[in-house]
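Notes follow once the structure below has been shown.
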Amino acid sequence: MATIQIVHMNPGQGETSYARNSTIQKTAQDRMKPLIEEAVTAFCGVSVPKSMAIADLGCSSGPNALTLISSTVDAIHRYCMECAQPPPEMCLFLNDLPSNDFNSVAKSLAEFKHSQDVSSHHVVVANMVPGSFYERLFTSDSVHFFCSSISLQWLSKAPEELAKRKIPMYDSDERLRLLNHEIVADAYARQFRKDFTLFLSLRARELVLGGRLIFSLIGRCSSNPASVSTQVWKVVSVALNDMASRGVISKEKFDTFHIPIYAPMENELNGIIEDEGSFQINKAMAHDTFLATDGVLASPNTIAAMVRAVFEPAIVQHFGFSAGIMDDFASVVERLSTTSAVEAEFPLACLCFSLTRAR
C-alpha cells in the first residue's frame, strides 16, 4: 500500500471532514511557532536575502493549511521591521500529495496572497506543489525555509515484507500478535529509517546552506515505558479488530490491512539525523499529542472525529465501507479513547525539531 495512492484526509467542509476535525493538529502547529521565530531570527541575523522561498511539506487542507507559511512570513516581516531592513520578496509553496483537496487550498492561498499584497505592499508569490516529499520537489539550493507539521510519520509505503510473509499489522489472535510484535515493529522501523534518511538528503539538496527545516510529527518518548509497545496506528487496528470480531468487516480483509505510518522514538530521530549528516539539530521538544496548549486533554469524541477524518479514505479504499460502517468505527474509537486508555494504551507524543542545513 503506497502512500501516494491512498493518503489524503477527508475532503470538503462536511461534518466528518479534516477541515472541521483538525484541532489537535492545530495545537501541534501552534507549538512550532516559537521554533519558527527562533529560526527566522537566526537565519536573517546573518543577512536578509533579496528574495526568499518558503515551503510547507504536507500542508493538507482546511484552516490549518496556511498556518506554518503565514507564521514564517509574519516572523520575517517582524524581524525586518525591528531591524529597519527592507523585507525580501517571498515565494511560498504549499506541498501535498496529488490526492489532497487542493481546491480549498487554492482559495485560501489566493486570499492570503491578496491580504499580503494589500497590507504590506511587498511581493508575495504563491504556488502549490503536488507530489511526494519522498522525491525531489525543488531545484538545488533554492529554498530558505522548510516547514512540516504532523506529516512525516507517513511512510512512502507500508513495509512490503509483512504482506509478502502474510503477517498482519495487528493480529486478531493475541498469541500470534505477541509472537509477531517484534517482526512488525522492526519492519516499520526499517521503512521509517529508509524514508526519513531519503527525506533529509532530498531537503538538504534543495535548501540553501544554512537554510532551516522545522518539523513536527507523531512519535514516542523513551521516558514513557508504555510508549515502547504502542504505535500511531494501534487505535485504528484495535477498533477494526473489534469490528472484525463482530462480523462487521471481513477478518481476511483486516489481516491484509497495513497502514503506511510509523511513530518513531525521539532517540531514533536523533540517530537518523546524525547518521544522514546534512543537518545540525538546533532544538528538539516533545509534547503530549492529545493535550491542548491550555492543558486540557482532548475529549474522546474529538479524538474519534480526528482519527476518522485522517484514516477514513485509506480504510474505505481497502474495505469499501459505507458511511454507516464508518460511524460504527468512530463509535469504537471514541469508546477506546477515554483518558485512562489514551495515557496507558496510546501514549503518543508530538515531537518538534528545528534543524539547520550544515553541509
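Every chain in the C-alpha cells has a letter given in the order shown (A, B, ...), and although residue numbers restart at 1 in each chain, ligands are simply numbered from 1 in the order shown.
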Contact residues around Tyr262 in chain A with only C-alpha atoms at 12 Å, ignoring same-chain residues under 6 positions, as a ChimeraX atom specification: /A:150-159,169,184-193,195-196,217-220,230-234,268-269,348
Suppose we keep N, CA, C and O atoms; can you now write the selection as a CSV table (one decimal), in the first residue's frame?
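Saved as again-v8.csv:
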```
chain,number,residue,atom,x,y,z
A,150,ILE,N,3.0,17.4,11.5
A,150,ILE,CA,2.3,16.2,11.6
A,150,ILE,C,2.1,15.5,10.3
A,150,ILE,O,1.0,15.1,9.9
A,151,SER,N,3.2,15.3,9.5
A,151,SER,CA,3.1,14.7,8.2
A,151,SER,C,4.2,13.6,8.1
A,151,SER,O,4.0,12.6,7.4
A,152,LEU,N,5.4,13.8,8.7
A,152,LEU,CA,6.5,12.9,8.4
A,152,LEU,C,6.4,11.5,9.0
A,152,LEU,O,7.2,10.7,8.8
A,153,GLN,N,5.3,11.3,9.8
A,153,GLN,CA,5.1,10.0,10.3
A,153,GLN,C,4.6,9.1,9.2
A,153,GLN,O,4.6,7.8,9.3
A,154,TRP,N,4.0,9.7,8.1
A,154,TRP,CA,3.5,8.9,7.0
A,154,TRP,C,4.7,8.4,6.2
A,154,TRP,O,5.6,9.1,5.8
A,155,LEU,N,4.7,7.1,5.9
A,155,LEU,CA,5.8,6.4,5.1
A,155,LEU,C,5.5,6.5,3.6
A,155,LEU,O,4.4,6.8,3.2
A,156,SER,N,6.5,6.2,2.8
A,156,SER,CA,6.3,6.2,1.4
A,156,SER,C,5.4,5.0,1.0
A,156,SER,O,4.7,5.0,0.0
A,157,LYS,N,5.5,3.9,1.9
A,157,LYS,CA,4.7,2.7,1.7
A,157,LYS,C,4.7,1.9,2.9
A,157,LYS,O,5.7,2.1,3.8
A,158,ALA,N,3.8,1.0,3.1
A,158,ALA,CA,3.8,0.1,4.2
A,158,ALA,C,4.9,-0.9,4.0
A,158,ALA,O,5.3,-1.2,2.8
A,159,PRO,N,5.6,-1.5,5.0
A,159,PRO,CA,6.6,-2.5,4.8
A,159,PRO,C,6.2,-3.7,3.9
A,159,PRO,O,5.2,-4.4,4.3
A,169,MET,N,-0.6,-6.5,10.4
A,169,MET,CA,-0.1,-5.3,11.2
A,169,MET,C,-0.5,-5.5,12.6
A,169,MET,O,0.3,-5.2,13.5
A,184,VAL,N,6.9,-7.0,13.3
A,184,VAL,CA,6.1,-5.9,12.8
A,184,VAL,C,6.8,-4.6,13.1
A,184,VAL,O,7.0,-3.7,12.3
A,185,ALA,N,7.2,-4.5,14.4
A,185,ALA,CA,7.9,-3.2,14.8
A,185,ALA,C,9.2,-3.0,14.1
A,185,ALA,O,9.4,-1.8,13.6
A,186,ASP,N,10.0,-4.0,13.9
A,186,ASP,CA,11.3,-3.8,13.2
A,186,ASP,C,11.0,-3.5,11.7
A,186,ASP,O,11.8,-2.7,11.1
A,187,ALA,N,10.0,-4.1,11.1
A,187,ALA,CA,9.8,-3.8,9.7
A,187,ALA,C,9.4,-2.3,9.5
A,187,ALA,O,9.8,-1.7,8.6
A,188,TYR,N,8.5,-1.8,10.3
A,188,TYR,CA,8.1,-0.4,10.3
A,188,TYR,C,9.3,0.5,10.6
A,188,TYR,O,9.4,1.5,9.9
A,189,ALA,N,10.1,0.1,11.6
A,189,ALA,CA,11.2,1.0,11.9
A,189,ALA,C,12.2,1.1,10.8
A,189,ALA,O,12.8,2.2,10.5
A,190,ARG,N,12.5,0.0,10.1
A,190,ARG,CA,13.4,0.0,9.0
A,190,ARG,C,12.8,0.8,7.8
A,190,ARG,O,13.6,1.6,7.2
A,191,GLN,N,11.5,0.7,7.6
A,191,GLN,CA,10.9,1.5,6.5
A,191,GLN,C,11.0,3.0,6.8
A,191,GLN,O,11.3,3.9,6.0
A,192,PHE,N,10.8,3.4,8.1
A,192,PHE,CA,10.9,4.8,8.5
A,192,PHE,C,12.3,5.3,8.4
A,192,PHE,O,12.5,6.4,7.9
A,193,ARG,N,13.3,4.5,8.8
A,193,ARG,CA,14.7,5.0,8.7
A,193,ARG,C,15.1,5.2,7.2
A,193,ARG,O,15.7,6.2,6.9
A,195,ASP,N,13.0,5.9,4.7
A,195,ASP,CA,12.2,7.1,4.2
A,195,ASP,C,12.7,8.4,4.7
A,195,ASP,O,12.9,9.4,4.0
A,196,PHE,N,13.0,8.4,6.0
A,196,PHE,CA,13.4,9.7,6.7
A,196,PHE,C,14.8,10.1,6.3
A,196,PHE,O,15.1,11.3,6.1
A,217,LEU,N,6.1,15.8,14.1
A,217,LEU,CA,5.5,14.5,13.7
A,217,LEU,C,5.0,13.8,15.0
A,217,LEU,O,5.4,14.1,16.1
A,218,ILE,N,4.2,12.8,14.7
A,218,ILE,CA,3.7,11.9,15.8
A,218,ILE,C,4.8,10.9,16.1
A,218,ILE,O,5.3,10.2,15.3
A,219,GLY,N,5.2,10.9,17.4
A,219,GLY,CA,6.3,10.0,17.8
A,219,GLY,C,6.0,9.4,19.2
A,219,GLY,O,4.9,9.4,19.7
A,220,ARG,N,7.1,8.9,19.8
A,220,ARG,CA,7.0,8.3,21.1
A,220,ARG,C,8.2,8.8,21.9
A,220,ARG,O,9.3,9.1,21.4
A,230,THR,N,3.6,0.8,21.8
A,230,THR,CA,2.4,1.3,21.0
A,230,THR,C,2.8,1.8,19.7
A,230,THR,O,4.0,1.8,19.3
A,231,GLN,N,1.9,2.1,18.8
A,231,GLN,CA,2.1,2.7,17.5
A,231,GLN,C,1.0,3.6,17.2
A,231,GLN,O,-0.1,3.5,17.7
A,232,VAL,N,1.2,4.5,16.2
A,232,VAL,CA,0.2,5.5,15.9
A,232,VAL,C,-1.0,4.9,15.3
A,232,VAL,O,-2.1,5.4,15.4
A,233,TRP,N,-0.9,3.7,14.7
A,233,TRP,CA,-2.0,3.0,14.0
A,233,TRP,C,-2.7,2.1,15.0
A,233,TRP,O,-3.7,1.4,14.6
A,234,LYS,N,-2.3,2.0,16.3
A,234,LYS,CA,-2.8,1.0,17.2
A,234,LYS,C,-4.3,1.2,17.4
A,234,LYS,O,-5.1,0.2,17.4
A,268,GLU,N,15.4,7.7,18.0
A,268,GLU,CA,15.5,7.2,16.7
A,268,GLU,C,15.7,8.4,15.7
A,268,GLU,O,16.6,8.3,14.8
A,269,LEU,N,14.9,9.4,15.9
A,269,LEU,CA,15.1,10.6,15.0
A,269,LEU,C,16.4,11.2,15.2
A,269,LEU,O,17.1,11.6,14.2
A,348,LEU,N,1.1,8.7,22.8
A,348,LEU,CA,1.9,9.2,21.7
A,348,LEU,C,2.4,10.7,22.1
A,348,LEU,O,1.7,11.4,22.8
```
Taking only residues of range 116-173 of chain A that have an atom at most 10 Å from an atom of range 208-214 of chain A, what is each one's shortest atom pair and its distance in Å to one decimal, using only C-alpha atoms, in chain and number order, as CSV?
```
residue,atom,partner,partner_atom,distance
A:Ser140,CA,A:Val208,CA,7.8
A:Asp141,CA,A:Val208,CA,4.2
A:Ser142,CA,A:Val208,CA,6.0
A:Val143,CA,A:Val208,CA,6.0
A:His144,CA,A:Gly211,CA,4.8
A:Phe145,CA,A:Arg212,CA,4.9
A:Phe146,CA,A:Leu213,CA,4.7
A:Cys147,CA,A:Ile214,CA,4.9
A:Ser148,CA,A:Ile214,CA,6.5
A:Ser149,CA,A:Ile214,CA,8.4
```
Contacts of Lys283 in chain A within 12 Å, only C-alpha atoms, excl. fewer than 5 positions in-chain, as JSON, numbers by chain: {"A": [32, 34, 35, 36, 38, 39, 212, 213, 214, 215, 216, 270, 351, 352, 353, 354, 355, 356]}
Counting only C-alpha atoms, which residues in range 144-232 of chain A sit no more than 8 Å from range 241-259 of chain A? For each one, give the nearest pair of atoms and the distance in Å, sorted by chain then residue number, as CSV.
```
residue,atom,partner,partner_atom,distance
A:Ala158,CA,A:Ile259,CA,6.0
A:Ala163,CA,A:Thr256,CA,6.9
A:Lys166,CA,A:Thr256,CA,7.4
A:Ile167,CA,A:Asp255,CA,7.6
A:Pro168,CA,A:Asp255,CA,4.8
A:Met169,CA,A:His258,CA,5.6
A:Tyr170,CA,A:Asp255,CA,7.4
A:Asp171,CA,A:Asp255,CA,6.8
A:Ser172,CA,A:Asn241,CA,6.1
```
A:Gln13, A:Ser99, A:Asn301, A:Asn180 ranked by distance to Arg165 in chain A, top pick (using only C-alpha atoms):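 Under the stated criterion, the closest residue is A:Asn180.
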A:Thr338, A:Ser17, A:Thr139, A:Asn100 ranked by distance to Val235 in chain A, top pick (using only C-alpha atoms):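 Smallest distance to Val235 in chain A is found for A:Thr338.
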If you count only C-alpha atoms, which residues fall within 9 Å of Ser278 in chain A, apart from same-chain ones fewer than 2 positions away, as a PDB file with all heavy atoms, in the first residue's frame?
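The resulting result.pdb:
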```
ATOM      1  N   LEU A 200      15.619  13.628   4.347  1.00  0.00           N
ATOM      2  CA  LEU A 200      16.650  14.585   4.770  1.00  0.00           C
ATOM      3  C   LEU A 200      17.642  14.880   3.644  1.00  0.00           C
ATOM      4  O   LEU A 200      18.025  16.040   3.437  1.00  0.00           O
ATOM      5  CB  LEU A 200      17.404  14.032   5.988  1.00  0.00           C
ATOM      6  CG  LEU A 200      16.609  13.945   7.300  1.00  0.00           C
ATOM      7  CD1 LEU A 200      17.438  13.227   8.365  1.00  0.00           C
ATOM      8  CD2 LEU A 200      16.191  15.319   7.791  1.00  0.00           C
ATOM      9  N   SER A 201      18.052  13.859   2.929  1.00  0.00           N
ATOM     10  CA  SER A 201      19.031  14.069   1.853  1.00  0.00           C
ATOM     11  C   SER A 201      18.438  14.902   0.719  1.00  0.00           C
ATOM     12  O   SER A 201      19.125  15.746   0.126  1.00  0.00           O
ATOM     13  CB  SER A 201      19.546  12.730   1.323  1.00  0.00           C
ATOM     14  OG  SER A 201      18.520  11.998   0.681  1.00  0.00           O
ATOM     15  N   ALA A 204      18.168  18.540   1.953  1.00  0.00           N
ATOM     16  CA  ALA A 204      19.496  19.149   2.039  1.00  0.00           C
ATOM     17  C   ALA A 204      19.957  19.657   0.671  1.00  0.00           C
ATOM     18  O   ALA A 204      20.628  20.692   0.582  1.00  0.00           O
ATOM     19  CB  ALA A 204      20.507  18.142   2.594  1.00  0.00           C
ATOM     20  N   ILE A 273      19.079  11.561  11.989  1.00  0.00           N
ATOM     21  CA  ILE A 273      19.569  12.892  11.595  1.00  0.00           C
ATOM     22  C   ILE A 273      21.095  12.938  11.661  1.00  0.00           C
ATOM     23  O   ILE A 273      21.760  13.439  10.748  1.00  0.00           O
ATOM     24  CB  ILE A 273      18.946  13.983  12.499  1.00  0.00           C
ATOM     25  CG1 ILE A 273      17.443  14.084  12.243  1.00  0.00           C
ATOM     26  CG2 ILE A 273      19.612  15.347  12.246  1.00  0.00           C
ATOM     27  CD1 ILE A 273      16.687  14.882  13.298  1.00  0.00           C
ATOM     28  N   GLU A 274      21.657  12.396  12.734  1.00  0.00           N
ATOM     29  CA  GLU A 274      23.111  12.381  12.877  1.00  0.00           C
ATOM     30  C   GLU A 274      23.771  11.491  11.828  1.00  0.00           C
ATOM     31  O   GLU A 274      24.798  11.845  11.244  1.00  0.00           O
ATOM     32  CB  GLU A 274      23.490  11.930  14.287  1.00  0.00           C
ATOM     33  CG  GLU A 274      23.129  12.950  15.362  1.00  0.00           C
ATOM     34  CD  GLU A 274      23.318  12.401  16.773  1.00  0.00           C
ATOM     35  OE1 GLU A 274      23.853  11.264  16.907  1.00  0.00           O
ATOM     36  OE2 GLU A 274      22.921  13.088  17.730  1.00  0.00           O
ATOM     37  N   ASP A 275      23.184  10.326  11.563  1.00  0.00           N
ATOM     38  CA  ASP A 275      23.771   9.405  10.585  1.00  0.00           C
ATOM     39  C   ASP A 275      23.706   9.961   9.161  1.00  0.00           C
ATOM     40  O   ASP A 275      24.646   9.782   8.384  1.00  0.00           O
ATOM     41  CB  ASP A 275      23.046   8.050  10.629  1.00  0.00           C
ATOM     42  CG  ASP A 275      23.328   7.276  11.910  1.00  0.00           C
ATOM     43  OD1 ASP A 275      24.285   7.646  12.626  1.00  0.00           O
ATOM     44  OD2 ASP A 275      22.588   6.312  12.206  1.00  0.00           O
ATOM     45  N   GLU A 276      22.601  10.638   8.806  1.00  0.00           N
ATOM     46  CA  GLU A 276      22.480  11.206   7.462  1.00  0.00           C
ATOM     47  C   GLU A 276      23.496  12.334   7.268  1.00  0.00           C
ATOM     48  O   GLU A 276      24.070  12.470   6.184  1.00  0.00           O
ATOM     49  CB  GLU A 276      21.045  11.706   7.239  1.00  0.00           C
ATOM     50  CG  GLU A 276      20.691  12.001   5.796  1.00  0.00           C
ATOM     51  CD  GLU A 276      21.184  13.359   5.323  1.00  0.00           C
ATOM     52  OE1 GLU A 276      21.275  14.272   6.169  1.00  0.00           O
ATOM     53  OE2 GLU A 276      21.471  13.519   4.118  1.00  0.00           O
ATOM     54  N   GLN A 280      22.239  19.980  11.301  1.00  0.00           N
ATOM     55  CA  GLN A 280      22.559  20.176  12.709  1.00  0.00           C
ATOM     56  C   GLN A 280      21.246  20.377  13.457  1.00  0.00           C
ATOM     57  O   GLN A 280      20.367  21.121  13.007  1.00  0.00           O
ATOM     58  CB  GLN A 280      23.439  21.410  12.880  1.00  0.00           C
ATOM     59  CG  GLN A 280      23.636  21.884  14.303  1.00  0.00           C
ATOM     60  CD  GLN A 280      24.324  23.232  14.346  1.00  0.00           C
ATOM     61  OE1 GLN A 280      25.229  23.506  13.568  1.00  0.00           O
ATOM     62  NE2 GLN A 280      23.877  24.099  15.247  1.00  0.00           N
ATOM     63  N   THR A 356      19.235  22.898  10.951  1.00  0.00           N
ATOM     64  CA  THR A 356      19.922  23.783  10.013  1.00  0.00           C
ATOM     65  C   THR A 356      20.712  22.942   9.017  1.00  0.00           C
ATOM     66  O   THR A 356      21.409  22.004   9.457  1.00  0.00           O
ATOM     67  CB  THR A 356      20.886  24.744  10.729  1.00  0.00           C
ATOM     68  OG1 THR A 356      20.144  25.570  11.624  1.00  0.00           O
ATOM     69  CG2 THR A 356      21.630  25.634   9.746  1.00  0.00           C
ATOM     70  N   ARG A 357      20.625  23.267   7.748  1.00  0.00           N
ATOM     71  CA  ARG A 357      21.469  22.570   6.777  1.00  0.00           C
ATOM     72  C   ARG A 357      22.910  22.982   7.032  1.00  0.00           C
ATOM     73  O   ARG A 357      23.279  24.143   6.927  1.00  0.00           O
ATOM     74  CB  ARG A 357      21.079  22.924   5.346  1.00  0.00           C
ATOM     75  CG  ARG A 357      21.946  22.145   4.329  1.00  0.00           C
ATOM     76  CD  ARG A 357      21.892  22.688   2.932  1.00  0.00           C
ATOM     77  NE  ARG A 357      23.097  22.266   2.201  1.00  0.00           N
ATOM     78  CZ  ARG A 357      23.458  22.731   1.035  1.00  0.00           C
ATOM     79  NH1 ARG A 357      22.730  23.654   0.429  1.00  0.00           N
ATOM     80  NH2 ARG A 357      24.564  22.308   0.455  1.00  0.00           N
ATOM     81  N   ALA A 358      23.731  21.994   7.389  1.00  0.00           N
ATOM     82  CA  ALA A 358      25.109  22.281   7.790  1.00  0.00           C
ATOM     83  C   ALA A 358      26.135  22.005   6.693  1.00  0.00           C
ATOM     84  O   ALA A 358      27.268  22.488   6.751  1.00  0.00           O
ATOM     85  CB  ALA A 358      25.460  21.449   9.034  1.00  0.00           C
ATOM     86  N   ARG A 359      25.751  21.217   5.713  1.00  0.00           N
ATOM     87  CA  ARG A 359      26.691  20.935   4.616  1.00  0.00           C
ATOM     88  C   ARG A 359      25.917  20.545   3.368  1.00  0.00           C
ATOM     89  O   ARG A 359      24.727  20.316   3.389  1.00  0.00           O
ATOM     90  CB  ARG A 359      27.661  19.795   4.987  1.00  0.00           C
ATOM     91  CG  ARG A 359      27.004  18.420   5.188  1.00  0.00           C
ATOM     92  CD  ARG A 359      28.057  17.345   5.321  1.00  0.00           C
ATOM     93  NE  ARG A 359      27.468  16.018   5.515  1.00  0.00           N
ATOM     94  CZ  ARG A 359      27.042  15.252   4.508  1.00  0.00           C
ATOM     95  NH1 ARG A 359      27.129  15.671   3.261  1.00  0.00           N
ATOM     96  NH2 ARG A 359      26.542  14.039   4.745  1.00  0.00           N
TER      97      ARG A 359
END
```
All strand (DSSP E) residues (DSSP, backbone) inside range 65-245 of chain A, as number ranges by chain: A: 89-96, 124-130, 143-149, 207-219
Writer output for current selection, C-alpha atoms, as a PDB file, in the first residue's frame:
```pdb
ATOM      1  CA  GLU A  89      10.303  39.235  -1.873  1.00  0.00           C
ATOM      2  CA  MET A  90       8.776  35.899  -0.919  1.00  0.00           C
ATOM      3  CA  CYS A  91       7.851  32.821  -2.892  1.00  0.00           C
ATOM      4  CA  LEU A  92       5.518  30.486  -0.985  1.00  0.00           C
ATOM      5  CA  PHE A  93       4.993  26.805  -1.763  1.00  0.00           C
ATOM      6  CA  LEU A  94       2.312  24.502  -0.391  1.00  0.00           C
ATOM      7  CA  ASN A  95       3.028  20.835  -0.996  1.00  0.00           C
ATOM      8  CA  ASP A  96       0.998  17.675  -0.522  1.00  0.00           C
ATOM      9  CA  VAL A 124       4.491  37.608  -2.392  1.00  0.00           C
ATOM     10  CA  VAL A 125       4.205  34.845  -4.995  1.00  0.00           C
ATOM     11  CA  ALA A 126       2.228  31.736  -4.059  1.00  0.00           C
ATOM     12  CA  ASN A 127       2.336  28.243  -5.580  1.00  0.00           C
ATOM     13  CA  MET A 128       1.051  24.720  -4.997  1.00  0.00           C
ATOM     14  CA  VAL A 129       3.383  21.754  -5.493  1.00  0.00           C
ATOM     15  CA  PRO A 130       1.606  18.373  -5.792  1.00  0.00           C
ATOM     16  CA  VAL A 143      14.639  27.066  -0.596  1.00  0.00           C
ATOM     17  CA  HIS A 144      15.357  29.011   2.606  1.00  0.00           C
ATOM     18  CA  PHE A 145      12.747  27.545   4.987  1.00  0.00           C
ATOM     19  CA  PHE A 146      11.016  24.185   5.042  1.00  0.00           C
ATOM     20  CA  CYS A 147       8.165  23.563   7.484  1.00  0.00           C
ATOM     21  CA  SER A 148       6.180  20.390   8.026  1.00  0.00           C
ATOM     22  CA  SER A 149       3.585  19.622  10.685  1.00  0.00           C
ATOM     23  CA  LEU A 207      17.894  24.106   0.920  1.00  0.00           C
ATOM     24  CA  VAL A 208      20.447  26.877   0.723  1.00  0.00           C
ATOM     25  CA  LEU A 209      23.437  26.378   3.032  1.00  0.00           C
ATOM     26  CA  GLY A 210      22.278  27.488   6.466  1.00  0.00           C
ATOM     27  CA  GLY A 211      18.622  27.048   5.467  1.00  0.00           C
ATOM     28  CA  ARG A 212      16.177  25.803   8.066  1.00  0.00           C
ATOM     29  CA  LEU A 213      13.933  22.749   8.415  1.00  0.00           C
ATOM     30  CA  ILE A 214      11.312  22.958  11.172  1.00  0.00           C
ATOM     31  CA  PHE A 215       9.022  19.955  11.567  1.00  0.00           C
ATOM     32  CA  SER A 216       6.759  18.074  13.932  1.00  0.00           C
ATOM     33  CA  LEU A 217       5.496  14.518  13.734  1.00  0.00           C
ATOM     34  CA  ILE A 218       3.701  11.946  15.833  1.00  0.00           C
ATOM     35  CA  GLY A 219       6.267   9.988  17.805  1.00  0.00           C
TER      36      GLY A 219
END
```
